[in-house]
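**Q** Just input_34.txt, nothing more (compact mmCIF, C-alpha atoms):
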# COMPACT_ATOMS: atom_id res chain seq x y z
CA ASP Y 13 -8.48 37.48 -29.80
CA PHE Y 14 -5.57 37.32 -27.37
CA ILE Y 15 -2.05 36.12 -28.04
CA PHE Y 16 -0.03 34.48 -25.22
CA VAL Y 17 3.78 34.49 -25.31
CA TRP Y 18 5.61 32.53 -22.57
CA SER Y 19 9.20 32.47 -21.35
CA VAL Y 20 10.86 30.81 -18.34
CA GLU Y 21 14.07 30.96 -16.31
CA PRO Y 22 16.14 28.79 -15.85
CA SER Y 23 15.90 28.21 -19.57
CA ASP Y 24 16.49 24.40 -19.57
CA VAL Y 25 12.73 23.88 -19.89
CA ASN Y 26 10.62 22.96 -22.91
CA MET Y 27 7.22 24.62 -22.96
CA ILE Y 28 4.38 23.45 -25.16
CA SER Y 29 1.77 26.12 -25.68
CA THR Y 30 -0.44 27.75 -28.28
CA ASN Y 31 -0.59 31.44 -28.96
CA ARG Y 32 -4.35 31.32 -28.42
CA GLY Y 33 -4.56 29.79 -24.96
CA PRO Y 34 -3.13 30.41 -21.50
CA ARG Y 35 -2.33 26.75 -20.75
CA ILE Y 36 1.14 25.28 -21.09
CA SER Y 37 2.92 22.06 -20.23
CA PHE Y 38 6.63 21.91 -19.57
CA GLN Y 39 9.55 19.59 -18.80
CA ARG Y 40 13.32 19.92 -18.52
CA ARG Y 41 14.98 20.09 -21.91
CA VAL Y 42 18.18 18.36 -20.79
CA ASP Y 43 16.71 14.92 -20.14
CA ASP Y 44 12.91 15.17 -20.52
CA SER Y 45 12.59 14.74 -16.76
CA PRO Y 46 10.21 16.60 -14.44
CA LEU Y 47 11.28 19.94 -13.04
CA VAL Y 48 14.03 19.94 -10.42
CA SER Y 49 12.93 19.55 -6.80
CA GLY Y 50 13.60 22.69 -4.78
CA GLU Y 51 14.38 24.82 -7.86
CA THR Y 52 12.60 28.17 -8.32
CA TYR Y 53 11.30 28.87 -11.83
CA THR Y 54 10.20 32.28 -13.07
CA PHE Y 55 7.48 32.24 -15.71
CA THR Y 56 6.69 35.32 -17.75
CA VAL Y 57 3.65 35.65 -20.00
CA THR Y 58 2.76 38.48 -22.34
CA VAL Y 59 -0.91 38.71 -23.18
CA ALA Y 60 -1.67 40.92 -26.15
CA ASN Y 61 -4.42 41.90 -28.55
CA LYS Y 62 -4.44 44.56 -31.26
CA TYR Y 63 -5.01 47.28 -28.68
CA GLN Y 64 -2.58 46.56 -25.85
CA ALA Y 65 -0.11 44.12 -24.27
CA VAL Y 66 0.19 43.12 -20.60
CA LEU Y 67 3.16 41.33 -19.02
CA GLU Y 68 2.86 39.20 -15.88
CA THR Y 69 5.50 37.27 -13.93
CA LEU Y 70 5.02 34.25 -11.67
CA LYS Y 71 7.64 32.55 -9.50
CA MET Y 72 7.12 28.88 -8.65
CA GLU Y 73 9.18 26.78 -6.28
CA VAL Y 74 9.04 23.08 -7.14
CA ASN Y 75 8.15 20.86 -4.20
CA PHE Y 76 10.86 18.56 -2.89
CA ALA Y 77 10.69 15.21 -1.17
CA PRO Y 78 10.98 14.88 2.64
CA THR Y 79 14.49 15.17 4.04
CA PRO Y 80 15.77 11.63 4.61
CA GLY Y 81 15.70 10.28 8.13
CA THR Y 82 16.13 6.69 9.27
CA LEU Y 83 14.25 3.41 9.58
CA VAL Y 84 15.25 1.86 12.90
CA LEU Y 85 14.50 -1.86 13.34
CA SER Y 86 14.95 -3.15 16.87
CA PRO Y 87 16.08 -5.85 17.09
CA ASN Y 88 17.05 -6.48 13.47
CA GLU Y 89 16.82 -10.26 13.74
CA GLY Y 90 14.59 -12.74 15.48
CA VAL Y 91 12.45 -15.87 15.29
CA GLU Y 92 9.27 -16.28 13.26
CA LEU Y 93 6.13 -15.05 15.07
CA GLU Y 94 8.06 -14.96 18.33
CA THR Y 95 10.36 -11.92 18.36
CA PRO Y 96 8.58 -8.53 18.34
CA ILE Y 97 10.36 -6.19 15.93
CA THR Y 98 9.75 -2.50 16.57
CA HIS Y 99 10.14 -0.20 13.58
CA THR Y 100 10.70 3.48 14.28
CA PHE Y 101 10.82 6.32 11.74
CA GLU Y 102 13.22 8.99 13.00
CA GLY Y 103 14.60 12.30 11.81
CA TRP Y 104 12.22 12.95 8.89
CA SER Y 105 11.27 16.54 8.06
CA ASP Y 106 9.52 18.58 5.41
CA PRO Y 107 7.92 22.05 5.39
CA HIS Y 108 4.74 20.55 3.95
CA GLU Y 109 3.31 18.54 6.82
CA PRO Y 110 1.75 16.27 7.89
CA LEU Y 111 4.12 13.52 6.86
CA ARG Y 112 2.70 10.13 5.93
CA TYR Y 113 4.59 6.85 6.39
CA GLU Y 114 4.11 3.54 4.56
CA LEU Y 115 6.22 0.48 5.41
CA TYR Y 116 6.22 -2.37 2.89
CA ALA Y 117 7.57 -5.91 2.91
CA ILE Y 118 9.25 -6.69 -0.42
CA LEU Y 119 8.57 -10.18 -1.75
CA GLN Y 120 11.03 -12.14 -3.89
CA ASN Y 121 9.04 -11.35 -7.04
CA GLY Y 122 9.47 -7.64 -6.36
CA THR Y 123 5.92 -7.10 -5.11
CA GLU Y 124 5.64 -4.68 -2.19
CA GLU Y 125 2.97 -5.39 0.44
CA LEU Y 126 1.95 -2.75 2.97
CA VAL Y 127 2.42 -3.84 6.60
CA SER Y 128 2.37 -0.64 8.64
CA THR Y 129 1.82 3.12 8.57
CA GLU Y 130 2.75 3.88 12.19
CA SER Y 131 6.13 4.56 13.76
CA GLY Y 132 6.77 2.61 16.95
CA GLN Y 133 4.60 -0.37 16.02
CA ALA Y 134 5.92 -3.81 17.03
CA LEU Y 135 5.24 -6.80 14.77
CA ASP Y 136 5.98 -10.53 14.99
CA TYR Y 137 7.27 -11.21 11.49
CA SER Y 138 6.86 -14.35 9.39
CA ALA Y 139 10.10 -16.09 8.36
CA GLY Y 140 12.35 -14.78 5.62
CA ASP Y 141 13.26 -16.63 2.44
CA PRO Y 142 15.84 -19.42 3.05
CA GLU Y 143 17.43 -18.62 -0.32
CA PHE Y 144 18.40 -15.22 1.06
CA ASN Y 145 19.53 -16.36 4.51
CA TYR Y 146 16.03 -15.66 5.88
CA GLU Y 147 16.42 -11.95 5.24
CA ILE Y 148 13.40 -9.69 4.72
CA THR Y 149 13.74 -6.38 2.93
CA LEU Y 150 11.46 -3.56 4.06
CA ALA Y 151 10.84 -0.36 2.11
CA LEU Y 152 9.76 2.82 3.89
CA TYR Y 153 8.04 5.55 1.87
CA VAL Y 154 7.70 8.95 3.51
CA TYR Y 155 5.28 11.38 1.84
CA ASP Y 156 4.68 15.07 2.40
CA ALA Y 157 1.29 16.75 2.14
CA TYR Y 158 1.64 16.97 -1.66
CA ASP Y 159 2.65 13.31 -2.09
CA ALA Y 160 6.32 13.96 -2.86
CA TYR Y 161 8.15 11.03 -1.28
CA THR Y 162 11.50 9.62 -0.22
CA ARG Y 163 12.14 5.86 -0.15
CA ILE Y 164 14.68 3.99 1.96
CA THR Y 165 15.09 0.31 2.76
CA GLY Y 166 16.06 -1.81 5.76
CA ARG Y 167 16.69 -5.50 6.38
CA LEU Y 168 15.62 -8.06 8.95
CA ARG Y 169 16.70 -11.64 9.47
CA ILE Y 170 13.79 -13.76 10.70
CA SER Y 171 14.56 -17.46 11.25
CA PRO Y 172 11.78 -20.04 10.84
CA GLN Y 173 10.30 -22.14 13.62
CA GLU Y 174 9.86 -25.90 13.42
CA GLU Y 175 6.39 -26.79 12.10
CA ALA Y 176 5.51 -28.63 15.31
CA VAL Y 177 6.18 -25.42 17.26
CA LEU Y 178 4.74 -23.06 14.67
CA LYS Y 179 1.29 -24.63 14.31
CA PRO Y 180 0.11 -24.05 17.90
CA VAL Y 181 1.64 -20.57 17.86
CA ILE Y 182 -0.40 -19.63 14.78
CA LYS Y 183 -3.53 -21.18 16.24
CA ASN Y 184 -3.19 -19.38 19.58
CA LYS Y 185 -2.37 -16.02 17.98
CA THR Y 186 -5.32 -16.37 15.60
CA GLN Y 187 -7.73 -17.01 18.46
CA SER Y 188 -6.31 -14.04 20.33
CA LEU Y 189 -6.85 -11.81 17.29
CA LEU Y 190 -10.43 -13.04 16.93
CA ASP Y 191 -11.06 -11.99 20.52
CA LYS Y 192 -9.44 -8.60 19.93
CA ALA Y 193 -11.36 -8.01 16.71
CA GLN Y 194 -14.65 -8.72 18.46
CA ASP Y 195 -13.80 -6.36 21.33
CA ASN Y 196 -11.97 -3.70 19.30
CA ASP Y 197 -13.06 -0.16 20.15
CA LYS Y 198 -11.89 2.22 17.45
CA ASP Y 199 -12.77 5.28 19.54
CA GLN Y 200 -10.13 4.47 22.14
CA ASP Y 201 -7.03 4.59 19.96
CA GLY Y 202 -7.90 6.33 16.69
CA GLY Y 203 -7.70 3.09 14.75
CA GLN Y 204 -4.29 2.00 15.97
CA GLY Y 205 -5.75 -1.20 17.45
CA SER Y 206 -7.27 -1.99 14.07
CA GLN Y 207 -3.95 -1.49 12.30
CA ASN Y 208 -2.18 -3.78 14.79
CA ILE Y 209 -4.77 -6.52 14.28
CA LEU Y 210 -4.59 -6.29 10.48
CA ALA Y 211 -0.77 -6.32 10.47
CA ASP Y 212 -0.76 -9.40 12.72
CA VAL Y 213 -3.19 -11.16 10.36
CA TYR Y 214 -0.84 -10.38 7.49
CA MET Y 215 2.10 -12.04 9.27
CA LEU Y 216 0.06 -15.08 10.36
CA ASN Y 217 -1.19 -15.57 6.81
CA ARG Y 218 2.36 -15.34 5.43
CA SER Y 219 3.51 -18.01 7.91
CA THR Y 220 0.53 -20.24 7.11
CA PHE Y 221 0.79 -19.83 3.33
CA PRO Y 222 4.48 -19.10 2.59
CA THR Y 223 5.33 -17.48 -0.73
CA PRO Y 224 6.63 -20.15 -3.17
CA THR Y 225 10.39 -20.02 -3.73
CA LYS Y 226 12.87 -21.71 -6.05
CA THR Y 227 13.59 -24.21 -3.30
CA THR Y 228 9.91 -24.94 -2.65
CA PRO Y 229 8.05 -23.81 -5.78
CA ASN Y 230 5.07 -26.07 -5.05
CA PRO Y 231 4.98 -26.69 -1.30
CA GLN Y 232 1.67 -28.53 -1.58
CA ASP Y 233 -0.34 -30.49 -4.14
CA PRO Y 234 -3.19 -28.15 -5.19
CA ASN Y 235 -5.59 -31.08 -4.88
CA GLU Y 236 -4.60 -31.70 -1.27
CA VAL Y 237 -6.05 -29.01 0.96
CA ASP Y 238 -4.88 -29.00 4.57
CA PRO Y 239 -8.09 -28.66 6.65
CA GLU Y 240 -6.24 -26.84 9.44
CA LYS Y 241 -4.89 -24.25 7.02
CA SER Y 242 -8.30 -23.91 5.43
CA ALA Y 243 -9.88 -23.25 8.83
CA LEU Y 244 -7.19 -20.66 9.61
CA GLN Y 245 -7.92 -18.86 6.34
CA ASP Y 246 -11.59 -18.74 7.37
CA ASP Y 247 -10.56 -17.19 10.69
CA PHE Y 248 -8.28 -14.65 8.99
CA LEU Y 249 -11.16 -13.53 6.76
CA LYS Y 250 -13.45 -13.27 9.77
CA ILE Y 251 -10.92 -11.15 11.67
CA VAL Y 252 -10.49 -8.76 8.73
CA SER Y 253 -14.26 -8.57 8.24
CA LEU Y 254 -14.81 -7.67 11.90
CA THR Y 255 -12.03 -5.09 11.81
CA VAL Y 256 -13.34 -3.51 8.61
CA GLU Y 257 -16.74 -3.08 10.25
CA GLU Y 258 -15.25 -1.41 13.33
CA GLY Y 259 -12.14 0.50 12.45
CA LEU Y 260 -11.66 2.08 9.01
CA GLU Y 261 -11.85 5.65 10.21
CA THR Y 262 -8.52 6.62 8.58
CA THR Y 263 -7.09 6.24 5.09
CA GLU Y 264 -4.04 4.52 6.63
CA THR Y 265 -6.21 1.79 8.18
CA GLN Y 266 -8.00 1.43 4.86
CA ASP Y 267 -4.62 0.92 3.15
CA ILE Y 268 -3.68 -1.87 5.55
CA ALA Y 269 -7.09 -3.55 5.21
CA LEU Y 270 -6.83 -3.63 1.42
CA SER Y 271 -3.26 -4.93 1.49
CA VAL Y 272 -4.12 -7.73 3.94
CA THR Y 273 -7.25 -8.73 2.02
CA GLU Y 274 -5.25 -8.99 -1.19
CA THR Y 275 -2.69 -11.19 0.61
CA LEU Y 276 -5.43 -13.52 1.86
CA THR Y 277 -6.39 -14.28 -1.75
CA THR Y 278 -2.86 -15.20 -2.87
CA ASP Y 279 -3.11 -18.99 -2.35
CA THR Y 280 -5.94 -19.69 -4.78
CA ASN Y 281 -5.96 -23.43 -3.97
CA TYR Y 282 -7.69 -22.65 -0.67
CA LEU Y 283 -10.25 -20.24 -2.05
CA THR Y 284 -13.79 -21.59 -2.16
CA THR Y 285 -17.02 -19.98 -3.28
CA GLU Y 286 -17.88 -19.24 0.35
CA LYS Y 287 -14.48 -17.65 1.03
CA ALA Y 288 -14.69 -15.67 -2.20
CA SER Y 289 -18.06 -14.35 -1.05
CA LYS Y 290 -16.56 -13.29 2.30
CA THR Y 291 -13.67 -11.59 0.50
CA LEU Y 292 -16.03 -9.69 -1.78
CA GLN Y 293 -18.09 -8.58 1.21
CA ILE Y 294 -14.91 -7.18 2.79
CA TYR Y 295 -14.12 -5.22 -0.37
CA GLU Y 296 -17.67 -3.91 -0.56
CA LYS Y 297 -17.50 -2.75 3.09
CA ILE Y 298 -14.21 -0.96 2.46
CA LEU Y 299 -15.54 0.77 -0.65
CA GLN Y 300 -18.57 2.01 1.29
CA LYS Y 301 -16.33 3.97 3.65
CA PRO Y 302 -16.13 7.76 3.18
CA GLN Y 303 -12.36 7.88 2.69
CA LYS Y 304 -11.31 8.35 -0.91
CA ILE Y 305 -9.74 5.40 -2.70
CA THR Y 306 -6.36 6.03 -4.30
CA SER Y 307 -4.97 4.53 -7.49
CA LYS Y 308 -2.71 2.29 -5.39
CA GLN Y 309 -5.71 1.04 -3.41
CA ALA Y 310 -7.70 0.42 -6.59
CA LYS Y 311 -4.80 -1.64 -7.93
CA SER Y 312 -4.78 -3.70 -4.71
CA VAL Y 313 -8.52 -4.39 -5.00
CA LEU Y 314 -8.25 -5.44 -8.64
CA SER Y 315 -5.28 -7.69 -7.88
CA GLY Y 316 -7.26 -9.47 -5.16
CA LEU Y 317 -10.26 -9.84 -7.47
CA ASN Y 318 -8.02 -11.28 -10.15
CA ASN Y 319 -6.90 -13.95 -7.67
CA LEU Y 320 -10.54 -14.84 -7.03
CA LEU Y 321 -11.14 -15.20 -10.75
CA LYS Y 322 -8.10 -17.48 -11.11
CA SER Y 323 -9.24 -19.85 -8.37
CA PRO Y 324 -10.60 -23.13 -9.78
CA LYS Y 325 -13.06 -23.48 -6.89
CA THR Y 326 -14.99 -20.21 -6.94
CA THR Y 327 -18.16 -19.30 -8.82
CA GLN Y 328 -18.64 -15.66 -7.86
CA PHE Y 329 -18.07 -14.06 -11.25
CA SER Y 330 -21.18 -11.86 -11.23
CA GLN Y 331 -20.36 -10.55 -7.75
CA VAL Y 332 -16.73 -9.93 -8.78
CA ASN Y 333 -17.96 -7.84 -11.69
CA GLU Y 334 -20.12 -5.81 -9.31
CA VAL Y 335 -17.15 -5.08 -7.05
CA ILE Y 336 -14.95 -4.16 -10.02
CA SER Y 337 -17.63 -1.73 -11.17
CA GLY Y 338 -17.94 -0.37 -7.62
CA THR Y 339 -14.16 0.06 -7.40
CA PHE Y 340 -14.04 2.25 -10.48
CA ASP Y 341 -17.17 4.16 -9.47
CA HIS Y 342 -15.71 4.84 -6.01
CA PHE Y 343 -12.30 5.73 -7.46
CA ILE Y 344 -13.82 8.17 -9.96
CA THR Y 345 -16.18 9.67 -7.38
CA THR Y 346 -13.70 10.18 -4.55
CA GLY Y 347 -10.21 9.86 -6.06
Kindly return the structure encoded in the file as C-alpha cells.
**A**
Amino acid sequence: DFIFVWSVEPSDVNMISTNRGPRISFQRRVDDSPLVSGETYTFTVTVANKYQAVLETLKMEVNFAPTPGTLVLSPNEGVELETPITHTFEGWSDPHEPLRYELYAILQNGTEELVSTESGQALDYSAGDPEFNYEITLALYVYDAYDAYTRITGRLRISPQEEAVLKPVIKNKTQSLLDKAQDNDKDQDGGQGSQNILADVYMLNRSTFPTPTKTTPNPQDPNEVDPEKSALQDDFLKIVSLTVEEGLETTETQDIALSVTETLTTDTNYLTTEKASKTLQIYEKILQKPQKITSKQAKSVLSGLNNLLKSPKTTQFSQVNEVISGTFDHFITTG
C-alpha cells in the first residue's frame, strides 16, 4: 500500500485528501473561495511504502479572466425598432484564446436574455421600460478558452414609438425577415446572417409582447387575443424554424436560437396547441445538431418548455416530456 502526503505553497489553502489515494480537493482557507486567479501554487506530494519514498513537485498557475476592455454602444440612444445600435467589443485580451462574447439584455425581473455574440452587429432595439426612463441595461460576458469570464454592463435609452406607427413597422420588418430566412445561405457568412435574423426576431417579439411592468402589469385581458399579434407570433415561429433548419453551424448561433425560442413562449396567453407543436419542433431540430448543449442552454430549453406547460391552451404534454427527455440525453451525451 502507498501513503500520499501533500503540501502546498502559498499555505492559505485547505486540502482534503486521504493517505491512501492520490486525489485531493482544495480551496482557500481565508474565505473558502476558489483559488486566486493568476496565482501560482506549488504542490508537493510524497508517495511512500514500506520500502521507499518518492517526492514530486508540481507548479500550477490558476487561470484568470480576460483583461477588461469596453462595450461601445453607438449611438447610445434611439427610437424603438428605428435606430440601429451598433455594439462593439474593444480592447479585450487573454493568453487563452479564442475569446467568446455573449451580450445579454437584462429584464426588470433580473432575467438575462442573449441577444448577440458578435462584435460590430447592429440591432434595432425594442423600447426600454418607462419606469426606468426607457433605459435598457446590457451585460457583456467575455470568456476565454477555459470559460473564465469577465462581465461588464452598458446602458441604452430606447424611446417607444406610437402604436399607430409601430404596427406597420413590425409587420414590414417581419415580412422582410421571412424573406431573408427563406433565402438565407449559411455558407456565405458562417452563420452571421442567421444570428442577425434571430436577433431581429427577438426585438420584434419584445415590441409585440412587451414585458409586464408595475405601470402595465396586465396590458391585455388574457381572454382577449389580438389576432394581429397572434399572426405575428406565428410568423416569428416560422422564421426561427426556417433559420434553425439552415444555419446552426456554430454554438453561438445555437445559443441565440435557444434564447429567442424561449422568449417566444413568454406570453402564454397566445400559445395554442399548434404553436406549442411548432415550438417543440424547433427545440427538437436544435437538439439534433452536432454542437454540444451547455448547462445554460439546457436551462433555456427547460424554461421554454415550462412556459408551454403553463399555457391554458396547449395540450402537448406527451411531446413536452419527449423533448425534456431528449434535452437531458443530449446534455449528458455531448455536454
**Q** Between Y:Leu216, Y:Gly166, Y:Lys241, Y:Ala160, which has the minimum distance to Y:Ser188 (counting all atoms listed in the file)?
**A**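 Using all atoms listed in the file, Y:Ser188 sits closest to Y:Leu216.
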**Q** With a cut-off of 7 Å, could you pull out the residues of stretch 219-319 of chain Y touching stretch 206-215 of chain Y and give me the nearest pair of atoms for each, distance in Å to one decimal, using only C-alpha atoms, ordered by chain and ascending number, as CSV?
**A**
residue,atom,partner,partner_atom,distance
Y:Ser219,CA,Y:Met215,CA,6.3
Y:Phe248,CA,Y:Val213,CA,6.3
Y:Val252,CA,Y:Leu210,CA,6.6
Y:Thr255,CA,Y:Ser206,CA,6.1
Y:Gly259,CA,Y:Ser206,CA,5.7
Y:Thr265,CA,Y:Gln207,CA,5.7
Y:Ile268,CA,Y:Leu210,CA,6.7
Y:Ala269,CA,Y:Leu210,CA,6.4
Y:Val272,CA,Y:Tyr214,CA,5.5
**Q** Using only C-alpha atoms, which protein or nucleic acid residues come within 7 Å of Y:Val74? Drop anything in the same chain fewer than 3 positions from it, and give the result as a PyMOL selection string.
**A** chain Y and resi 48-52
**Q** Measuring atom to atom with all atoms listed in the file, identify which of Y:Ala60, Y:Leu119, Y:Val84, Y:Leu70 is nearest to Y:Phe14.
**A** Y:Ala60
**Q** What does the structure give for the distance between atom CA of Y:Asn75 and atom CA of Y:Leu270, in Å to one decimal?
**A** 29.3 Å
**Q** Quick one: residues within 9 Å of stretch 151-154 of chain Y, all atoms listed in the file, excluding same-chain residues fewer than 3 positions away - as a PyMOL selection string?
**A** chain Y and resi 77-78+80+83+101+104+111-118+124+159-167
**Q** Using Å and a single decimal, report how far atom CA of Y:Ala176 sits from atom CA of Y:Asp191.
**A**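 Spanning atom CA of Y:Asp191 to atom CA of Y:Ala176 is a straight-line distance of 24.1 Å.
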**Q** Here is a test: counting only C-alpha atoms, which residue of Y:Leu93, Y:Met72, Y:Ala157, Y:Leu244 is nearest to Y:Val181?
**A**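 Closest to Y:Val181, using only C-alpha atoms: Y:Leu93.
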